[in-house]
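Presented below is the structure to which this report refers.
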Amino acid sequence: MRKYIVIDICKQSGKYKLQIVAQYTDREKARNDAQQRNESNTNRNHYYKVYIISHPLLSC
């Protein structure tokens with residue numbers, strides 16, 4: 001099973017902070033969410049990206 005997570009990538013003082021902000025099983029929903037967050041984002045230190053997680057333990 002695959003999960004798609006939306007990650008908030010924040011750069012502060014030269015360091016990167018990653019935070020999971022949403023999880024989906026549908027790729028298009030994840031992409032639309034990340035795109036909406038990036039378009040409505042007014043803080044240039046934040047960027048939203050979708051990552052795919054695929055692992056046998058997720059199917060349990």
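Following the order of the structure tokens, chains are lettered A, B, ..., residues in each are numbered from 1, and ligands are numbered from 1.
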
List as a list in words the protein and nucleic acid residues near stretch 31-37 of chain A, meaning an atom at most 12 Å away when only C-alpha atoms are counted, but skip any in the same chain fewer than 3 places from it. Tyr4, Ile5, Val6, Ile7, Asp8, Ile9, Ile20, Val21, Ala22, Gln23, Tyr24, Thr25, Asp26, Arg27, Glu28, Ser40, Asn41, Thr42, Asn43, Arg44, His46, Tyr47, Tyr48, Lys49, Val50, Tyr51 and Ile52 of chain A

Pick out each residue of chain A that DSSP on the backbone tags as strand (DSSP E or B); I need them as a PyMOL selection string. chain A and resi 2-12+15-24+46-54

Please produce an output containing C-alpha atoms for each residue in the selection, written as a compact mmCIF listing (two decimals), in the first residue's frame.
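Output contents, as saved in result_21.txt:
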```txt
# COMPACT_ATOMS: atom_id res chain seq x y z
CA ARG A 2 1.19 3.49 -0.78
CA LYS A 3 0.63 6.60 1.27
CA TYR A 4 1.23 10.10 0.06
CA ILE A 5 2.31 12.63 2.65
CA VAL A 6 2.43 16.39 2.33
CA ILE A 7 5.55 17.78 4.01
CA ASP A 8 6.03 21.36 5.20
CA ILE A 9 9.66 22.26 4.54
CA CYS A 10 10.63 25.32 6.58
CA LYS A 11 14.02 27.00 6.45
CA GLN A 12 14.98 28.85 9.63
CA LYS A 15 18.47 24.84 9.01
CA TYR A 16 15.55 22.90 7.58
CA LYS A 17 12.60 21.73 9.63
CA LEU A 18 10.29 19.05 8.18
CA GLN A 19 6.76 18.44 9.37
CA ILE A 20 4.04 16.13 8.05
CA VAL A 21 0.91 18.22 7.56
CA ALA A 22 -1.37 15.72 5.75
CA GLN A 23 -1.59 12.06 4.67
CA TYR A 24 -3.52 10.65 1.72
CA HIS A 46 7.76 27.47 3.87
CA TYR A 47 7.41 25.07 0.93
CA TYR A 48 5.05 22.11 0.64
CA LYS A 49 5.97 18.92 -1.20
CA VAL A 50 4.41 15.47 -1.66
CA TYR A 51 6.38 12.33 -0.82
CA ILE A 52 5.39 8.72 -1.41
CA ILE A 53 5.73 6.18 1.36
CA SER A 54 5.55 2.56 0.31
```

Residues of chain A classed as alpha helix (DSSP H) by DSSP on the backbone are to be reported as a VMD selection string. chain A and resid 27 to 40
